[in-house]
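Data block for query.cif (mmCIF, C-alpha atoms):
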data_start
loop_
_atom_site.group_PDB
_atom_site.id
_atom_site.type_symbol
_atom_site.label_atom_id
_atom_site.label_comp_id
_atom_site.auth_asym_id
_atom_site.auth_seq_id
_atom_site.Cartn_x
_atom_site.Cartn_y
_atom_site.Cartn_z
ATOM 1 C CA MET A 1063 7.830 6.774 14.626
ATOM 2 C CA LEU A 1064 8.181 3.888 12.205
ATOM 3 C CA VAL A 1065 5.054 2.354 10.753
ATOM 4 C CA ILE A 1066 5.516 -1.373 10.293
ATOM 5 C CA ARG A 1067 3.289 -3.710 8.358
ATOM 6 C CA CYS A 1068 2.528 -6.892 10.282
ATOM 7 C CA PRO A 1069 2.196 -9.797 7.813
ATOM 8 C CA TYR A 1070 -0.118 -11.652 10.193
ATOM 9 C CA CYS A 1071 -2.476 -8.759 11.009
ATOM 10 C CA GLU A 1072 -2.093 -7.504 7.436
ATOM 11 C CA ALA A 1073 -2.154 -3.962 8.741
ATOM 12 C CA GLU A 1074 0.165 -1.030 9.231
ATOM 13 C CA ARG A 1075 0.884 -0.607 12.927
ATOM 14 C CA PRO A 1076 2.972 1.850 14.938
ATOM 15 C CA GLU A 1077 6.453 0.944 16.065
ATOM 16 C CA VAL A 1078 5.491 1.018 19.775
ATOM 17 C CA GLU A 1079 3.581 -2.224 19.321
ATOM 18 C CA PHE A 1080 6.691 -4.068 18.131
ATOM 19 C CA ALA A 1081 9.867 -5.436 19.618
ATOM 20 C CA TYR A 1082 13.073 -5.907 17.657
ATOM 21 C CA GLY A 1083 14.335 -9.480 17.459
ATOM 22 C CA GLY A 1084 17.805 -9.316 15.939
ATOM 23 C CA GLU A 1085 19.034 -10.657 12.627
ATOM 24 C CA ALA A 1086 16.808 -13.119 10.756
ATOM 25 C CA HIS A 1087 17.570 -16.404 9.003
ATOM 26 C CA ILE A 1088 20.143 -17.611 11.512
ATOM 27 C CA ALA A 1089 19.682 -21.351 11.690
ATOM 28 C CA ARG A 1090 20.716 -23.112 14.865
ATOM 29 C CA PRO A 1091 23.315 -25.806 14.072
ATOM 30 C CA ALA A 1092 21.674 -29.220 13.861
ATOM 31 C CA ASP A 1093 24.269 -30.844 16.122
ATOM 32 C CA PRO A 1094 25.905 -28.240 18.388
ATOM 33 C CA SER A 1095 28.092 -30.806 20.176
ATOM 34 C CA THR A 1096 30.187 -31.366 17.050
ATOM 35 C CA LEU A 1097 30.996 -27.664 16.701
ATOM 36 C CA THR A 1098 34.272 -26.150 17.788
ATOM 37 C CA ASP A 1099 34.181 -23.305 20.282
ATOM 38 C CA GLU A 1100 35.114 -20.984 17.446
ATOM 39 C CA GLN A 1101 32.116 -22.059 15.307
ATOM 40 C CA TRP A 1102 29.754 -21.895 18.295
ATOM 41 C CA LYS A 1103 30.937 -18.379 19.108
ATOM 42 C CA ASP A 1104 30.295 -17.370 15.509
ATOM 43 C CA HIS A 1105 26.800 -18.804 15.669
ATOM 44 C CA LEU A 1106 25.968 -17.055 18.915
ATOM 45 C CA PHE A 1107 27.583 -13.678 18.538
ATOM 46 C CA ILE A 1108 28.763 -12.877 15.036
ATOM 47 C CA ARG A 1109 26.252 -10.977 12.921
ATOM 48 C CA THR A 1110 26.487 -9.324 9.537
ATOM 49 C CA ASN A 1111 25.919 -5.799 10.913
ATOM 50 C CA ALA A 1112 24.887 -4.766 7.421
ATOM 51 C CA ARG A 1113 25.054 -1.246 6.150
ATOM 52 C CA GLY A 1114 22.029 -1.033 3.889
ATOM 53 C CA THR A 1115 19.662 -3.937 3.335
ATOM 54 C CA HIS A 1116 19.234 -5.910 6.522
ATOM 55 C CA PHE A 1117 17.109 -9.005 7.135
ATOM 56 C CA GLU A 1118 15.792 -8.908 10.653
ATOM 57 C CA ARG A 1119 13.183 -10.300 12.976
ATOM 58 C CA TRP A 1120 10.483 -8.302 14.683
ATOM 59 C CA ARG A 1121 7.777 -9.353 17.064
ATOM 60 C CA HIS A 1122 4.325 -7.807 17.092
ATOM 61 C CA VAL A 1123 4.325 -8.177 20.852
ATOM 62 C CA HIS A 1124 1.480 -5.766 21.643
ATOM 63 C CA GLY A 1125 -0.672 -7.052 18.797
ATOM 64 C CA CYS A 1126 -0.902 -10.568 17.482
ATOM 65 C CA GLY A 1127 2.219 -11.644 19.389
ATOM 66 C CA ARG A 1128 3.925 -13.185 16.351
ATOM 67 C CA PHE A 1129 7.522 -13.074 15.220
ATOM 68 C CA PHE A 1130 7.991 -12.182 11.572
ATOM 69 C CA ASN A 1131 10.825 -11.132 9.284
ATOM 70 C CA ALA A 1132 11.436 -7.729 7.801
ATOM 71 C CA VAL A 1133 13.793 -6.211 5.292
ATOM 72 C CA ARG A 1134 14.941 -2.776 6.395
ATOM 73 C CA ASP A 1135 17.534 -0.416 5.072
ATOM 74 C CA THR A 1136 19.767 0.400 8.026
ATOM 75 C CA VAL A 1137 20.829 3.693 6.473
ATOM 76 C CA SER A 1138 17.455 5.189 5.592
ATOM 77 C CA ASP A 1139 15.483 3.143 8.164
ATOM 78 C CA LYS A 1140 12.924 2.386 5.447
ATOM 79 C CA PHE A 1141 11.183 -0.968 5.477
ATOM 80 C CA VAL A 1142 11.260 -2.680 2.089
ATOM 81 C CA THR A 1143 8.942 -5.517 3.022
ATOM 82 C CA THR A 1144 7.832 -7.776 5.847
ATOM 83 C CA TYR A 1145 7.020 -11.468 5.541
ATOM 84 C CA LYS A 1146 5.942 -14.310 7.764
ATOM 85 C CA ALA A 1147 8.453 -16.260 9.812
ATOM 86 C CA GLY A 1148 9.586 -19.448 8.091
ATOM 87 C CA LEU A 1149 9.370 -18.070 4.569
ATOM 88 C CA PRO A 1150 12.582 -17.922 2.529
ATOM 89 C CA ARG A 1151 14.307 -14.574 2.252
ATOM 90 C CA PRO A 1152 13.248 -12.550 -0.798
ATOM 91 C CA THR A 1153 15.797 -12.422 -3.613
ATOM 92 C CA GLU A 1154 17.591 -9.210 -4.511
ATOM 93 C CA ALA A 1155 15.496 -8.955 -7.715
ATOM 94 C CA GLU A 1156 12.252 -9.193 -5.743
ATOM 95 C CA LEU A 1157 13.449 -6.570 -3.283
ATOM 96 C CA GLU A 1158 14.429 -4.275 -6.123
ATOM 97 C CA GLY A 1159 10.868 -4.522 -7.439
ATOM 98 C CA MET A 1160 9.454 -3.645 -4.011
ATOM 99 C CA ARG A 1161 11.714 -0.645 -3.585
ATOM 100 C CA LYS A 1162 10.176 1.059 -6.594
ATOM 101 C CA MET B 98 -16.487 -10.304 42.579
ATOM 102 C CA LEU B 99 -13.348 -8.184 42.559
ATOM 103 C CA HIS B 100 -14.852 -5.810 40.034
ATOM 104 C CA GLU B 101 -16.042 -3.280 42.618
ATOM 105 C CA PHE B 102 -12.481 -2.792 43.858
ATOM 106 C CA HIS B 103 -11.218 -1.342 40.603
ATOM 107 C CA SER B 104 -10.676 2.311 41.306
ATOM 108 C CA PRO B 105 -12.378 3.748 38.195
ATOM 109 C CA VAL B 106 -15.470 1.587 38.666
ATOM 110 C CA GLY B 107 -18.628 3.553 39.166
ATOM 111 C CA ARG B 108 -17.001 6.758 37.992
ATOM 112 C CA GLU B 109 -17.839 8.565 34.842
ATOM 113 C CA ILE B 110 -16.318 11.338 32.816
ATOM 114 C CA ALA B 111 -18.870 13.503 31.061
ATOM 115 C CA VAL B 112 -17.947 16.465 28.953
ATOM 116 C CA GLY B 113 -20.427 19.287 28.321
ATOM 117 C CA LYS B 114 -23.235 18.904 25.828
ATOM 118 C CA ALA B 115 -21.498 20.992 23.166
ATOM 119 C CA ILE B 116 -18.943 18.214 22.653
ATOM 120 C CA PRO B 117 -20.646 14.980 23.575
ATOM 121 C CA LEU B 118 -18.149 12.630 25.149
ATOM 122 C CA ARG B 119 -19.014 10.117 27.777
ATOM 123 C CA ILE B 120 -16.504 7.789 29.359
ATOM 124 C CA ARG B 121 -17.623 5.168 31.844
ATOM 125 C CA THR B 122 -16.630 1.764 33.103
ATOM 126 C CA VAL B 123 -18.763 -1.034 31.752
ATOM 127 C CA ASP B 124 -20.511 -3.595 33.896
ATOM 128 C CA ASP B 125 -18.498 -6.559 35.009
ATOM 129 C CA CYS B 126 -18.512 -9.524 32.663
ATOM 130 C CA ALA B 127 -16.777 -12.840 32.162
ATOM 131 C CA ARG B 128 -13.619 -12.646 30.045
ATOM 132 C CA PHE B 129 -11.661 -15.456 28.507
ATOM 133 C CA SER B 130 -8.440 -15.746 26.625
ATOM 134 C CA LEU B 131 -8.862 -18.560 24.118
ATOM 135 C CA ARG B 132 -6.100 -20.270 22.147
ATOM 136 C CA PHE B 133 -7.584 -22.621 19.600
ATOM 137 C CA ASP B 134 -6.595 -24.359 16.393
ATOM 138 C CA PRO B 135 -7.928 -22.006 13.681
ATOM 139 C CA ALA B 136 -8.583 -24.977 11.383
ATOM 140 C CA ARG B 137 -11.160 -26.288 13.862
ATOM 141 C CA LEU B 138 -12.750 -22.962 14.676
ATOM 142 C CA ALA B 139 -16.271 -24.259 14.042
ATOM 143 C CA GLU B 140 -16.042 -26.385 17.206
ATOM 144 C CA ALA B 141 -15.091 -23.379 19.302
ATOM 145 C CA SER B 142 -17.855 -21.297 17.751
ATOM 146 C CA LYS B 143 -20.363 -23.969 18.704
ATOM 147 C CA ALA B 144 -19.082 -24.158 22.274
ATOM 148 C CA PHE B 145 -19.172 -20.378 22.725
ATOM 149 C CA GLY B 146 -22.518 -20.016 20.966
ATOM 150 C CA LEU B 147 -21.238 -17.363 18.609
ATOM 151 C CA ALA B 148 -19.481 -17.678 15.261
ATOM 152 C CA LEU B 149 -15.928 -16.643 16.131
ATOM 153 C CA PRO B 150 -14.212 -14.310 13.657
ATOM 154 C CA ALA B 151 -11.618 -15.935 11.414
ATOM 155 C CA LYS B 152 -9.536 -12.884 10.540
ATOM 156 C CA ILE B 153 -7.259 -10.961 12.895
ATOM 157 C CA GLY B 154 -9.017 -7.782 13.983
ATOM 158 C CA ASP B 155 -12.541 -8.961 13.259
ATOM 159 C CA VAL B 156 -15.186 -8.821 15.948
ATOM 160 C CA ALA B 157 -18.307 -10.924 16.392
ATOM 161 C CA ALA B 158 -20.994 -9.892 18.861
ATOM 162 C CA SER B 159 -24.499 -10.968 19.759
ATOM 163 C CA SER B 160 -26.680 -11.149 22.875
ATOM 164 C CA GLY B 161 -24.074 -9.895 25.314
ATOM 165 C CA ARG B 162 -21.262 -12.035 23.927
ATOM 166 C CA LEU B 163 -18.334 -10.588 22.108
ATOM 167 C CA ALA B 164 -15.341 -12.210 20.479
ATOM 168 C CA VAL B 165 -12.369 -10.481 18.924
ATOM 169 C CA GLN B 166 -9.536 -12.263 17.178
ATOM 170 C CA LEU B 167 -6.197 -10.950 18.428
ATOM 171 C CA GLY B 168 -3.743 -13.354 16.834
ATOM 172 C CA PRO B 169 -3.691 -16.243 14.363
ATOM 173 C CA ASP B 170 -4.863 -18.638 17.073
ATOM 174 C CA GLU B 171 -5.929 -16.256 19.821
ATOM 175 C CA TRP B 172 -9.329 -14.837 20.715
ATOM 176 C CA HIS B 173 -10.542 -12.573 23.479
ATOM 177 C CA LEU B 174 -14.036 -13.586 24.567
ATOM 178 C CA LEU B 175 -16.529 -11.613 26.621
ATOM 179 C CA ALA B 176 -19.734 -13.099 28.009
ATOM 180 C CA PRO B 177 -22.327 -12.135 30.623
ATOM 181 C CA LEU B 178 -21.301 -13.156 34.155
ATOM 182 C CA ALA B 179 -24.222 -15.566 34.494
ATOM 183 C CA GLU B 180 -23.036 -17.561 31.482
ATOM 184 C CA GLN B 181 -19.447 -18.014 32.640
ATOM 185 C CA GLY B 182 -19.994 -21.527 33.989
ATOM 186 C CA GLY B 183 -21.820 -22.585 30.839
ATOM 187 C CA VAL B 184 -19.005 -21.407 28.572
ATOM 188 C CA GLU B 185 -16.389 -23.155 30.700
ATOM 189 C CA ARG B 186 -18.346 -26.412 30.676
ATOM 190 C CA ALA B 187 -18.908 -26.298 26.920
ATOM 191 C CA PHE B 188 -15.186 -25.880 26.260
ATOM 192 C CA ALA B 189 -14.252 -28.513 28.865
ATOM 193 C CA GLU B 190 -16.295 -31.068 26.913
ATOM 194 C CA LEU B 191 -14.326 -30.205 23.787
ATOM 195 C CA TYR B 192 -10.981 -30.588 25.465
ATOM 196 C CA SER B 193 -10.371 -34.336 25.069
ATOM 197 C CA ALA B 194 -10.990 -34.222 21.312
ATOM 198 C CA THR B 195 -9.517 -30.796 20.599
ATOM 199 C CA PRO B 196 -6.792 -29.642 22.972
ATOM 200 C CA HIS B 197 -6.921 -25.883 23.515
ATOM 201 C CA SER B 198 -6.529 -23.304 26.218
ATOM 202 C CA LEU B 199 -9.364 -21.313 27.715
ATOM 203 C CA VAL B 200 -8.237 -19.049 30.541
ATOM 204 C CA ASP B 201 -10.577 -17.058 32.713
ATOM 205 C CA VAL B 202 -9.151 -13.515 32.800
ATOM 206 C CA SER B 203 -12.307 -11.834 34.123
ATOM 207 C CA HIS B 204 -10.617 -10.264 37.123
ATOM 208 C CA ARG B 205 -7.555 -9.188 35.229
ATOM 209 C CA GLU B 206 -9.285 -6.494 33.227
ATOM 210 C CA VAL B 207 -11.570 -3.522 33.410
ATOM 211 C CA GLY B 208 -13.805 -2.437 30.565
ATOM 212 C CA ILE B 209 -13.997 1.263 29.745
ATOM 213 C CA GLU B 210 -16.469 2.625 27.242
ATOM 214 C CA VAL B 211 -15.657 5.819 25.358
ATOM 215 C CA GLU B 212 -18.638 7.199 23.518
ATOM 216 C CA GLY B 213 -19.519 10.353 21.634
ATOM 217 C CA THR B 214 -18.468 12.429 18.663
ATOM 218 C CA ALA B 215 -15.244 13.348 20.454
ATOM 219 C CA ALA B 216 -14.374 9.733 21.253
ATOM 220 C CA LEU B 217 -11.876 9.584 18.407
ATOM 221 C CA LEU B 218 -10.227 12.764 19.569
ATOM 222 C CA ALA B 219 -9.966 11.475 23.138
ATOM 223 C CA LEU B 220 -8.433 8.157 22.116
ATOM 224 C CA ARG B 221 -6.067 9.732 19.638
ATOM 225 C CA SER B 222 -4.349 11.464 22.532
ATOM 226 C CA ALA B 223 -2.744 8.208 23.605
ATOM 227 C CA ILE B 224 -3.062 5.672 20.790
ATOM 228 C CA ALA B 225 -0.424 5.804 18.104
ATOM 229 C CA PHE B 226 -2.144 4.188 15.145
ATOM 230 C CA ASP B 227 -4.751 5.657 12.833
ATOM 231 C CA ILE B 228 -7.974 4.870 14.689
ATOM 232 C CA GLU B 229 -9.989 6.815 12.131
ATOM 233 C CA ALA B 230 -9.065 4.225 9.498
ATOM 234 C CA MET B 231 -10.343 1.440 11.734
ATOM 235 C CA PRO B 232 -13.851 0.484 10.626
ATOM 236 C CA ALA B 233 -16.646 -0.063 13.152
ATOM 237 C CA GLY B 234 -16.890 -3.680 14.199
ATOM 238 C CA MET B 235 -13.129 -4.172 14.363
ATOM 239 C CA GLY B 236 -10.866 -4.670 17.321
ATOM 240 C CA CYS B 237 -7.205 -5.160 18.094
ATOM 241 C CA ARG B 238 -4.629 -5.254 20.807
ATOM 242 C CA THR B 239 -2.573 -2.093 20.959
ATOM 243 C CA ILE B 240 -0.804 0.334 23.259
ATOM 244 C CA PHE B 241 -2.598 3.143 25.066
ATOM 245 C CA ASP B 242 0.147 5.499 26.189
ATOM 246 C CA LYS B 243 2.285 2.793 27.846
ATOM 247 C CA ALA B 244 -0.439 0.325 28.746
ATOM 248 C CA GLN B 245 -1.471 -2.630 26.637
ATOM 249 C CA ILE B 246 -5.184 -2.594 25.845
ATOM 250 C CA VAL B 247 -7.676 -4.374 23.665
ATOM 251 C CA LEU B 248 -9.568 -1.763 21.688
ATOM 252 C CA VAL B 249 -12.893 -2.571 20.046
ATOM 253 C CA ARG B 250 -14.727 -0.117 17.861
ATOM 254 C CA GLU B 251 -18.323 -1.123 18.555
ATOM 255 C CA THR B 252 -19.945 1.594 16.468
ATOM 256 C CA GLU B 253 -18.638 4.675 14.670
ATOM 257 C CA GLU B 254 -18.663 6.655 17.892
ATOM 258 C CA ARG B 255 -18.417 4.034 20.589
ATOM 259 C CA PHE B 256 -15.200 2.327 21.617
ATOM 260 C CA ARG B 257 -14.553 -0.241 24.278
ATOM 261 C CA ILE B 258 -11.193 -0.474 26.007
ATOM 262 C CA GLU B 259 -10.229 -3.614 27.888
ATOM 263 C CA VAL B 260 -7.278 -2.869 30.099
ATOM 264 C CA TRP B 261 -5.469 -4.720 32.864
ATOM 265 C CA ARG B 262 -6.651 -3.603 36.287
ATOM 266 C CA SER B 263 -3.224 -2.405 37.337
ATOM 267 C CA PHE B 264 -3.082 -0.103 34.290
ATOM 268 C CA ALA B 265 -6.713 1.000 34.565
ATOM 269 C CA ASP B 266 -5.943 3.948 36.822
ATOM 270 C CA HIS B 267 -3.332 5.219 34.400
ATOM 271 C CA VAL B 268 -5.641 4.932 31.385
ATOM 272 C CA TRP B 269 -8.455 6.536 33.343
ATOM 273 C CA GLY B 270 -6.236 9.410 34.397
ATOM 274 C CA ILE B 271 -5.176 10.129 30.827
ATOM 275 C CA LEU B 272 -8.771 9.980 29.609
ATOM 276 C CA GLN B 273 -9.717 12.365 32.381
ATOM 277 C CA ALA B 274 -7.009 14.843 31.460
ATOM 278 C CA THR B 275 -7.864 14.572 27.766
ATOM 279 C CA SER B 276 -11.546 15.111 28.450
ATOM 280 C CA ARG B 277 -10.705 18.254 30.371
ATOM 281 C CA GLU B 278 -8.648 19.504 27.450
ATOM 282 C CA ILE B 279 -11.446 18.734 25.031
ATOM 283 C CA GLU B 280 -13.901 20.503 27.312
ATOM 284 C CA LEU B 281 -11.743 23.608 27.423
ATOM 285 C CA ASP B 282 -11.071 23.326 23.702
ATOM 286 C CA ILE B 283 -7.300 23.274 24.126
#
Render the structure in this file as structure tokens.
Amino acid sequence: MLVIRCPYCEAERPEVEFAYGGEAHIARPADPSTLTDEQWKDHLFIRTNARGTHFERWRHVHGCGRFFNAVRDTVSDKFVTTYKAGLPRPTEAELEGMRK
Amino acid sequence: MLHEFHSPVGREIAVGKAIPLRIRTVDDCARFSLRFDPARLAEASKAFGLALPAKIGDVAASSGRLAVQLGPDEWHLLAPLAEQGGVERAFAELYSATPHSLVDVSHREVGIEVEGTAALLALRSAIAFDIEAMPAGMGCRTIFDKAQIVLVRETEERFRIEVWRSFADHVWGILQATSREIELDI
């Protein structure tokens, strides 16, 4: 079982308390009506499907109930870091420091 | 009112004296789910008559009242049944100045107390996180087997589980089976 650190509870909690929320940092277009069908499809369905470092959302549904963002390696399943929703994504240099 | 219809109510699991473990349902009480602006917590503390904790996981308790912070703006409040009306009135007065949500969830949940030196062992059978690392006087929402509970560590060896009534039977059954295993030293 994965142990995930919730940035709101500031505690390590078991995976069963969490729900996965898909890729993070996907901004909804400000004015959807001006988008072509092609662009709207990309927004809705096209994801990076990264091999390696992946920015994703999780929800601590059976805990504090909050959504937050996490950086996970999709190959090793190791979490690099978790941070509160709304914060900018950590830079590659910052992540490198956390991996050590 | 509905408390007596919960199936585990009035029952008790007691394991032999060699391994003290006592599991019982606690007396009915008033329960509230409170959503409140954390920046104005002092107002809520005044209305409830108890300084509400300001950090997720912290518990405050005095004279039959208990408050545990579950989320950034969410608290679970317990109070004696006789004081339910008073608490509701105090928060109602606050409402016009400070919008919030106070929901009476008294009948939704059953309280189960797990006490004794083997309490940790019994709870570990169905709770995934490291309860041992949880200091006394802390509480959190978590998963017991498949059921969502609020777990409060009241003292080193006494835990309180607040579980939805429809899951209470399930939790009780697992505690019963675990107690039997502890008794037989399996």
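A straight line drawn from atom CA of B:Arg121 to atom CA of B:Gly183 is 28.1 Å long.
Atom CA of B:Ser130 sits 6.6 Å away from atom CA of B:Val202.
Atom pair atom CA of A:Asp1139 / atom CA of A:Glu1085 has a distance of 14.9 Å (rounded to one decimal).
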| task | Return as a PyMOL selection string the residues belonging to chain B that are within 12 Å of chain A, counting only C-alpha atoms. | result | chain B and resi 132+151-155+165-173+223-228+230-231+236-248
When you look at B:Ala144 with a cut-off of 9 Å (counting only C-alpha atoms), what residues show up, excluding the ones that are within fewer than 4 positions of it in the same chain? I need them as a PDB file with C-alpha atoms, keeping the file's coordinate frame.
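Everything below was put into part-v1.pdb:
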ATOM      1  CA  ALA B 139     -16.271 -24.259  14.042  1.00  0.00           C
ATOM      2  CA  GLU B 140     -16.042 -26.385  17.206  1.00  0.00           C
ATOM      3  CA  VAL B 184     -19.005 -21.407  28.572  1.00  0.00           C
ATOM      4  CA  GLU B 185     -16.389 -23.155  30.700  1.00  0.00           C
ATOM      5  CA  ARG B 186     -18.346 -26.412  30.676  1.00  0.00           C
ATOM      6  CA  ALA B 187     -18.908 -26.298  26.920  1.00  0.00           C
ATOM      7  CA  PHE B 188     -15.186 -25.880  26.260  1.00  0.00           C
ATOM      8  CA  GLU B 190     -16.295 -31.068  26.913  1.00  0.00           C
ATOM      9  CA  LEU B 191     -14.326 -30.205  23.787  1.00  0.00           C
TER      10      LEU B 191
END
Counting only C-alpha atoms, which residues come within 7 Å of (-16.3, 15.8, 26.3), with the point read in the file's coordinates, and could you list them as a PDB file with C-alpha atoms, keeping the file's coordinate frame?
ATOM      1  CA  ALA B 111     -18.870  13.503  31.061  1.00  0.00           C
ATOM      2  CA  VAL B 112     -17.947  16.465  28.953  1.00  0.00           C
ATOM      3  CA  GLY B 113     -20.427  19.287  28.321  1.00  0.00           C
ATOM      4  CA  ILE B 116     -18.943  18.214  22.653  1.00  0.00           C
ATOM      5  CA  PRO B 117     -20.646  14.980  23.575  1.00  0.00           C
ATOM      6  CA  LEU B 118     -18.149  12.630  25.149  1.00  0.00           C
ATOM      7  CA  ARG B 119     -19.014  10.117  27.777  1.00  0.00           C
ATOM      8  CA  ALA B 215     -15.244  13.348  20.454  1.00  0.00           C
ATOM      9  CA  SER B 276     -11.546  15.111  28.450  1.00  0.00           C
ATOM     10  CA  ILE B 279     -11.446  18.734  25.031  1.00  0.00           C
ATOM     11  CA  GLU B 280     -13.901  20.503  27.312  1.00  0.00           C
TER      12      GLU B 280
END
| Written as JSON, numbers by chain, which residues does the PyMOL selection byres ((chain A and resi 1157-1159) around 12) give for the file shown? | {"A": [1115, 1116, 1117, 1132, 1133, 1134, 1135, 1141, 1142, 1143, 1144, 1145, 1151, 1152, 1153, 1154, 1155, 1156, 1160, 1161, 1162]}
Selection result of the PyMOL selection byres ((chain B and resi 157) around 9) on this file, as a PDB file with C-alpha atoms, in the frame of the given file:
ATOM      1  CA  LEU B 147     -21.238 -17.363  18.609  1.00  0.00           C
ATOM      2  CA  ALA B 148     -19.481 -17.678  15.261  1.00  0.00           C
ATOM      3  CA  LEU B 149     -15.928 -16.643  16.131  1.00  0.00           C
ATOM      4  CA  PRO B 150     -14.212 -14.310  13.657  1.00  0.00           C
ATOM      5  CA  ASP B 155     -12.541  -8.961  13.259  1.00  0.00           C
ATOM      6  CA  VAL B 156     -15.186  -8.821  15.948  1.00  0.00           C
ATOM      7  CA  ALA B 158     -20.994  -9.892  18.861  1.00  0.00           C
ATOM      8  CA  SER B 159     -24.499 -10.968  19.759  1.00  0.00           C
ATOM      9  CA  ARG B 162     -21.262 -12.035  23.927  1.00  0.00           C
ATOM     10  CA  LEU B 163     -18.334 -10.588  22.108  1.00  0.00           C
ATOM     11  CA  ALA B 164     -15.341 -12.210  20.479  1.00  0.00           C
ATOM     12  CA  VAL B 165     -12.369 -10.481  18.924  1.00  0.00           C
ATOM     13  CA  GLN B 166      -9.536 -12.263  17.178  1.00  0.00           C
ATOM     14  CA  GLY B 234     -16.890  -3.680  14.199  1.00  0.00           C
ATOM     15  CA  MET B 235     -13.129  -4.172  14.363  1.00  0.00           C
TER      16      MET B 235
END
| request: Might you spell out which residues the PyMOL selection byres ((chain B and resi 250-256) around 7) would select in the displayed file, as a ChimeraX atom specification? | output: /B:210-214,216,233-236,248-249,257-258
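With only C-alpha atoms as the atoms that count, the residue of A:Gly1084, A:Ala1092, A:Pro1150, A:Leu1097 with the shortest distance to A:Ala1112 is A:Gly1084.
Residues within 9 Å of A:Ala1147, counting all atoms listed in the file and excluding same-chain residues fewer than 6 positions away, are Ala1086, Arg1119, Arg1128, Phe1129, Phe1130 and Asn1131 of chain A.
Proximity of A:Ile1066, A:Leu1106, A:Ser1138, A:Arg1113 to A:Pro1094, computed with all atoms listed in the file, is greatest for A:Leu1106.
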Completion of stretch 218-234 of chain B up to N, CA and C atoms, as a compact mmCIF listing (two decimals), in the coordinates of the input:
# COMPACT_ATOMS: atom_id res chain seq x y z
N LEU B 218 -11.18 11.75 19.13
CA LEU B 218 -10.23 12.76 19.57
C LEU B 218 -9.60 12.37 20.91
N ALA B 219 -10.45 11.86 21.81
CA ALA B 219 -9.97 11.48 23.14
C ALA B 219 -8.99 10.32 23.04
N LEU B 220 -9.30 9.34 22.21
CA LEU B 220 -8.43 8.16 22.12
C LEU B 220 -7.14 8.48 21.38
N ARG B 221 -7.25 9.39 20.42
CA ARG B 221 -6.07 9.73 19.64
C ARG B 221 -4.96 10.32 20.49
N SER B 222 -5.35 10.85 21.66
CA SER B 222 -4.35 11.46 22.53
C SER B 222 -3.31 10.46 23.01
N ALA B 223 -3.68 9.17 23.03
CA ALA B 223 -2.74 8.21 23.60
C ALA B 223 -2.54 6.95 22.76
N ILE B 224 -3.23 6.86 21.63
CA ILE B 224 -3.06 5.67 20.79
C ILE B 224 -2.36 6.09 19.51
N ALA B 225 -1.32 5.34 19.17
CA ALA B 225 -0.42 5.80 18.10
C ALA B 225 -0.95 5.52 16.70
N PHE B 226 -1.78 4.51 16.53
CA PHE B 226 -2.14 4.19 15.14
C PHE B 226 -3.37 4.97 14.70
N ASP B 227 -3.69 4.87 13.43
CA ASP B 227 -4.75 5.66 12.83
C ASP B 227 -6.11 5.03 13.15
N ILE B 228 -6.71 5.48 14.26
CA ILE B 228 -7.97 4.87 14.69
C ILE B 228 -9.08 5.21 13.70
N GLU B 229 -8.97 6.38 13.07
CA GLU B 229 -9.99 6.82 12.13
C GLU B 229 -10.16 5.80 11.00
N ALA B 230 -9.03 5.18 10.61
CA ALA B 230 -9.06 4.22 9.50
C ALA B 230 -9.63 2.87 9.92
N MET B 231 -9.85 2.72 11.22
CA MET B 231 -10.34 1.44 11.73
C MET B 231 -11.87 1.42 11.58
N PRO B 232 -12.40 0.48 10.80
CA PRO B 232 -13.85 0.48 10.63
C PRO B 232 -14.59 0.02 11.89
N ALA B 233 -15.84 0.41 12.02
CA ALA B 233 -16.65 -0.06 13.15
C ALA B 233 -16.77 -1.58 13.05
N GLY B 234 -16.81 -2.23 14.21
CA GLY B 234 -16.89 -3.68 14.20
C GLY B 234 -15.53 -4.32 14.01
